[in-house]
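Each remark here refers to the structure printed beneath this line.
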Amino acid sequence: MSAHTLPNPTASSAPSPASRFVKTIPGMALLFGVGLLGKVFEHTFAVLHAEHPTWLLPHIEYVLWAIILGLVISNTFGVARIFQPGVATYELWLKLGIVLIGARFLMQDLFHIGGMTLVLVAIELVLSLSVMTLLGRIFKLPPKLTSLLAIGSSICGVTAIMATQGAIDSSEEDTSTAMAAILTLGAIALFTFPAIGHALHMSQQSYGIWAGLAVDNTAEATVTGAIYGDVAGRFAVLSKTARSSFLGFVVLGYAVYWASKGQATAVENKALFLWQKFPKFVLGFIAISVLATAGFFTHGQLNSLSNLSRWAFLPAFAGVGVRTNLRDLVGQGWRPLIVGILGEIFIALVTLGLVYLSYRHGAIQ
């Protein structure tokens, strides 16, 4: 047999797109099943409360039910290997939901609220990066771990950490530790932020913008807003999308910094680097908003897009619970988590103050 007739093992072993899609079906079915079961629980408890008003039954939105059910599955039975490819698609559903929800914002809203939010995001970025870096040095964390925590807490959590890993040549251990800390903080925010919002009697808009500014991971920020209410969920997406738009610039800054120290690969084409790191779903969000503002969609089509965004968020919310293993979150050591908690408390308080001042001056309702 000549060399030209030898089979290419790489090409023959690479799975086809169709086979990759088939492998995601069980996991996607699990996500949709958990999300729908959350809706069933919400409806059942609402009916029981209406029929038996004296019963002390909790009023829990389907969003939180989906997370709780996902956490139970992940931390008792575990997620079998057959489900893992599909569960990993939760982020795809999340981004699709964010793009579709752009139809709920007209461009004049984006210019007014979005412009103000960008100012708040810029302040949050500077403070978060500075405070996390300072805390990392105080607690003597590895420098690149400190960079990952700073970027993850200031931009969009796990997505930002993954985008930064290759750019600064961080170790797998530092990356996994930073991700575990960010996920832990996100899980804590799911339960603490709504309670704080209700205690302070925050409006839907002000709470949503605060959640989008202060909660790290995009999925957890979206869910934390949605738990408070539908309007809060939309404004959490808006402010979180504004934060995500800075991703490429921040990662580029850290890549250049570590390259100057000879500890990362130099960035040759900065424009290409920015485009590669820029979250493309932000462009989709803006494009849908532009079309809605231009009257491209009828009233019925806008309602359909809104319903589609809710269906897209359904598996995304379930995925937040299913992919969270509490044993993994607490197994990475206490110092990164302490740094994260202290930094997040500071940022949460500062952004809450900024939102309150904006509310007092009429910028936020």
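Just remember, in the structure tokens the first chain shown is A, the second B, etc., residues are 1-based per chain, and ligands are 1-based in the order shown.
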Show me, as a list in words, the residues that have an atom within 8 Å of segment 83-89 of chain A when counting only C-alpha atoms, minus same-chain residues fewer than 2 positions from it.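 Selected residues are Lys23, Thr24, Ile25, Pro26, Gly27, Met28, Ala29, Leu30, Leu31, Val79, Ala80, Arg81, Glu91, Leu92, Trp93, Gly319, Val322 and Arg323 of chain A.
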Filtering to N, CA and C atoms, could you give me those residues as a PDB file, in the first residue's frame?
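Result saved to out29.pdb:
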ATOM      1  N   LYS A  23     -25.460  13.739  19.686  1.00  0.00           N
ATOM      2  CA  LYS A  23     -24.946  13.552  21.045  1.00  0.00           C
ATOM      3  C   LYS A  23     -25.473  14.604  22.023  1.00  0.00           C
ATOM      4  N   THR A  24     -25.898  15.760  21.504  1.00  0.00           N
ATOM      5  CA  THR A  24     -26.410  16.809  22.393  1.00  0.00           C
ATOM      6  C   THR A  24     -27.885  16.616  22.742  1.00  0.00           C
ATOM      7  N   ILE A  25     -28.583  15.734  22.022  1.00  0.00           N
ATOM      8  CA  ILE A  25     -30.036  15.601  22.211  1.00  0.00           C
ATOM      9  C   ILE A  25     -30.407  15.169  23.631  1.00  0.00           C
ATOM     10  N   PRO A  26     -29.775  14.134  24.219  1.00  0.00           N
ATOM     11  CA  PRO A  26     -30.173  13.747  25.586  1.00  0.00           C
ATOM     12  C   PRO A  26     -30.001  14.884  26.601  1.00  0.00           C
ATOM     13  N   GLY A  27     -28.873  15.600  26.528  1.00  0.00           N
ATOM     14  CA  GLY A  27     -28.638  16.685  27.465  1.00  0.00           C
ATOM     15  C   GLY A  27     -29.603  17.846  27.275  1.00  0.00           C
ATOM     16  N   MET A  28     -29.905  18.186  25.997  1.00  0.00           N
ATOM     17  CA  MET A  28     -30.867  19.261  25.750  1.00  0.00           C
ATOM     18  C   MET A  28     -32.256  18.859  26.229  1.00  0.00           C
ATOM     19  N   ALA A  29     -32.599  17.591  26.039  1.00  0.00           N
ATOM     20  CA  ALA A  29     -33.882  17.103  26.549  1.00  0.00           C
ATOM     21  C   ALA A  29     -33.933  17.223  28.073  1.00  0.00           C
ATOM     22  N   LEU A  30     -32.807  16.935  28.733  1.00  0.00           N
ATOM     23  CA  LEU A  30     -32.744  17.074  30.190  1.00  0.00           C
ATOM     24  C   LEU A  30     -32.961  18.530  30.602  1.00  0.00           C
ATOM     25  N   LEU A  31     -32.290  19.480  29.905  1.00  0.00           N
ATOM     26  CA  LEU A  31     -32.442  20.891  30.234  1.00  0.00           C
ATOM     27  C   LEU A  31     -33.886  21.358  30.064  1.00  0.00           C
ATOM     28  N   VAL A  79     -24.527  14.117  36.765  1.00  0.00           N
ATOM     29  CA  VAL A  79     -24.865  14.223  35.345  1.00  0.00           C
ATOM     30  C   VAL A  79     -24.071  13.168  34.580  1.00  0.00           C
ATOM     31  N   ALA A  80     -24.762  12.163  34.085  1.00  0.00           N
ATOM     32  CA  ALA A  80     -24.111  11.073  33.352  1.00  0.00           C
ATOM     33  C   ALA A  80     -23.451  11.598  32.083  1.00  0.00           C
ATOM     34  N   ARG A  81     -22.459  10.870  31.608  1.00  0.00           N
ATOM     35  CA  ARG A  81     -21.680  11.315  30.448  1.00  0.00           C
ATOM     36  C   ARG A  81     -22.558  11.546  29.223  1.00  0.00           C
ATOM     37  N   GLU A  91     -25.216  27.567  27.431  1.00  0.00           N
ATOM     38  CA  GLU A  91     -24.719  28.911  27.137  1.00  0.00           C
ATOM     39  C   GLU A  91     -25.188  29.372  25.759  1.00  0.00           C
ATOM     40  N   LEU A  92     -25.308  28.441  24.816  1.00  0.00           N
ATOM     41  CA  LEU A  92     -25.834  28.780  23.493  1.00  0.00           C
ATOM     42  C   LEU A  92     -27.278  29.259  23.603  1.00  0.00           C
ATOM     43  N   TRP A  93     -28.092  28.551  24.407  1.00  0.00           N
ATOM     44  CA  TRP A  93     -29.486  28.960  24.609  1.00  0.00           C
ATOM     45  C   TRP A  93     -29.539  30.324  25.304  1.00  0.00           C
ATOM     46  N   GLY A 319     -29.801  24.920  33.015  1.00  0.00           N
ATOM     47  CA  GLY A 319     -28.388  24.579  32.938  1.00  0.00           C
ATOM     48  C   GLY A 319     -27.567  25.180  34.050  1.00  0.00           C
ATOM     49  N   VAL A 322     -27.981  22.540  36.735  1.00  0.00           N
ATOM     50  CA  VAL A 322     -27.473  21.213  36.368  1.00  0.00           C
ATOM     51  C   VAL A 322     -25.956  21.187  36.305  1.00  0.00           C
ATOM     52  N   ARG A 323     -25.343  22.270  35.843  1.00  0.00           N
ATOM     53  CA  ARG A 323     -23.878  22.238  35.692  1.00  0.00           C
ATOM     54  C   ARG A 323     -23.150  22.663  36.975  1.00  0.00           C
TER      55      ARG A 323
END
Please extract the residues of segment 131-213 of chain A with a backbone DSSP assignment of helix (DSSP H, G or I) and present them as an NGL selection string. :A and (131-138 or 143-154 or 158-168 or 172-199 or 204-213)
I'd like the contact shell of Gly340 of chain A - 9 Å cut-off, only C-alpha atoms, skipping same-chain residues fewer than 2 positions apart - returned as an MDAnalysis selection string. chainID A and resid 132 135 149:150 153 181:182 185 335:338 342:345
Between A:Leu120, A:Thr175, A:His299, A:Phe77, which is the closest to Met162 of chain A once you count only C-alpha atoms? A:Thr175
Could you tell me how far atom CA of Thr177 of chain A lies from atom CA of Pro194 of chain A, in Å and to one decimal?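 Result for atom CA of Thr177 of chain A versus atom CA of Pro194 of chain A: 26.7 Å, one decimal.
By only C-alpha atoms, and with residues fewer than 2 positions from Leu305 of chain A along its chain excluded, the set lying at most 9 Å from it is Leu100, Ile101, Ala103, Arg104, Gly300, Gln301, Leu302, Asn303, Asn307, Leu308, Ser309 and Arg310 of chain A.
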Output for the residues just chosen: all heavy atoms as a short mmCIF file (atom, residue, chain, number, x, y, z; two decimals), in the first residue's frame:
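The result, written out as result-v9.cif:
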data_model
loop_
_atom_site.label_atom_id
_atom_site.label_comp_id
_atom_site.auth_asym_id
_atom_site.auth_seq_id
_atom_site.Cartn_x
_atom_site.Cartn_y
_atom_site.Cartn_z
N LEU A 100 -32.65 37.53 21.22
CA LEU A 100 -34.08 37.70 20.95
C LEU A 100 -34.73 38.76 21.84
O LEU A 100 -35.66 39.45 21.41
CB LEU A 100 -34.80 36.36 21.14
CG LEU A 100 -34.46 35.27 20.12
CD1 LEU A 100 -35.10 33.94 20.50
CD2 LEU A 100 -34.91 35.68 18.72
N ILE A 101 -34.23 38.89 23.06
CA ILE A 101 -34.83 39.88 23.97
C ILE A 101 -34.49 41.30 23.54
O ILE A 101 -35.11 42.26 24.02
CB ILE A 101 -34.36 39.62 25.42
CG1 ILE A 101 -35.44 40.06 26.42
CG2 ILE A 101 -33.06 40.35 25.73
CD1 ILE A 101 -35.15 39.66 27.85
N ALA A 103 -35.45 42.57 20.95
CA ALA A 103 -36.67 43.10 20.35
C ALA A 103 -37.52 43.87 21.35
O ALA A 103 -38.41 44.64 20.96
CB ALA A 103 -37.49 41.96 19.75
N ARG A 104 -37.27 43.68 22.65
CA ARG A 104 -38.04 44.38 23.68
C ARG A 104 -37.48 45.76 23.98
O ARG A 104 -38.04 46.50 24.79
CB ARG A 104 -38.03 43.54 24.97
CG ARG A 104 -38.53 42.11 24.80
CD ARG A 104 -40.03 42.05 24.66
NE ARG A 104 -40.71 42.45 25.88
CZ ARG A 104 -40.95 41.60 26.89
NH1 ARG A 104 -40.55 40.35 26.83
NH2 ARG A 104 -41.60 42.03 27.95
N GLY A 300 -47.52 41.28 16.45
CA GLY A 300 -47.59 39.85 16.69
C GLY A 300 -46.22 39.19 16.63
O GLY A 300 -45.93 38.28 17.42
N GLN A 301 -45.40 39.63 15.70
CA GLN A 301 -44.05 39.06 15.59
C GLN A 301 -43.19 39.43 16.79
O GLN A 301 -42.39 38.62 17.25
CB GLN A 301 -43.40 39.54 14.28
CG GLN A 301 -44.01 38.93 13.03
CD GLN A 301 -43.50 39.57 11.75
OE1 GLN A 301 -43.07 40.74 11.75
NE2 GLN A 301 -43.55 38.83 10.66
N LEU A 302 -43.37 40.65 17.31
CA LEU A 302 -42.63 41.05 18.51
C LEU A 302 -43.01 40.17 19.70
O LEU A 302 -42.16 39.75 20.49
CB LEU A 302 -42.88 42.52 18.84
CG LEU A 302 -42.22 43.55 17.91
CD1 LEU A 302 -42.68 44.96 18.27
CD2 LEU A 302 -40.70 43.44 17.99
N ASN A 303 -44.31 39.88 19.81
CA ASN A 303 -44.76 38.98 20.88
C ASN A 303 -44.18 37.59 20.70
O ASN A 303 -43.80 36.92 21.67
CB ASN A 303 -46.29 38.92 20.92
CG ASN A 303 -46.91 40.18 21.46
OD1 ASN A 303 -46.29 40.90 22.24
ND2 ASN A 303 -48.14 40.47 21.05
N ASN A 307 -41.76 35.53 23.24
CA ASN A 307 -42.02 34.16 23.71
C ASN A 307 -40.86 33.23 23.38
O ASN A 307 -40.50 32.36 24.19
CB ASN A 307 -43.31 33.63 23.08
CG ASN A 307 -44.56 34.31 23.63
OD1 ASN A 307 -44.57 34.72 24.78
ND2 ASN A 307 -45.58 34.43 22.80
N LEU A 308 -40.26 33.42 22.20
CA LEU A 308 -39.11 32.59 21.84
C LEU A 308 -37.94 32.83 22.79
O LEU A 308 -37.21 31.90 23.14
CB LEU A 308 -38.68 32.89 20.40
CG LEU A 308 -39.53 32.27 19.29
CD1 LEU A 308 -39.07 32.76 17.92
CD2 LEU A 308 -39.46 30.74 19.34
N SER A 309 -37.76 34.10 23.23
CA SER A 309 -36.66 34.37 24.16
C SER A 309 -36.90 33.65 25.48
O SER A 309 -35.96 33.13 26.09
CB SER A 309 -36.53 35.88 24.39
OG SER A 309 -37.60 36.39 25.16
N ARG A 310 -38.16 33.58 25.93
CA ARG A 310 -38.47 32.86 27.17
C ARG A 310 -38.18 31.37 27.01
O ARG A 310 -37.66 30.72 27.93
CB ARG A 310 -39.93 33.08 27.55
CG ARG A 310 -40.25 34.51 27.98
CD ARG A 310 -41.63 34.61 28.59
NE ARG A 310 -41.98 35.98 28.94
CZ ARG A 310 -42.67 36.80 28.18
NH1 ARG A 310 -43.12 36.37 27.00
NH2 ARG A 310 -42.94 38.03 28.57
#
Counting only C-alpha atoms, which residue out of A:Ala187, A:Leu352, A:Ile288, A:Val40 sits closest to Met107 of chain A?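 When distances to Met107 of chain A are compared using only C-alpha atoms, the smallest one comes from A:Ile288.
Comparing A:Ser128, A:Thr76, A:Ala226, A:Ile82 by their smallest distance to Val22 of chain A, the closest is A:Ile82 (using only C-alpha atoms).
Nearest to Ala214 of chain A of all the residues A:Thr164, A:Thr192, A:Ser245, A:Ser16 is A:Thr192, counting only C-alpha atoms.
With distances restricted to only C-alpha atoms, A:Thr241 is the closest residue to Leu118 of chain A from A:Leu36, A:Phe249, A:Trp258, A:Thr241.
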Find the distance between atom CA of Ser206 of chain A and atom CA of Ser358 of chain A and write it in Å to one decimal.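 Separation of atom CA of Ser206 of chain A and atom CA of Ser358 of chain A: 8.8 Å.
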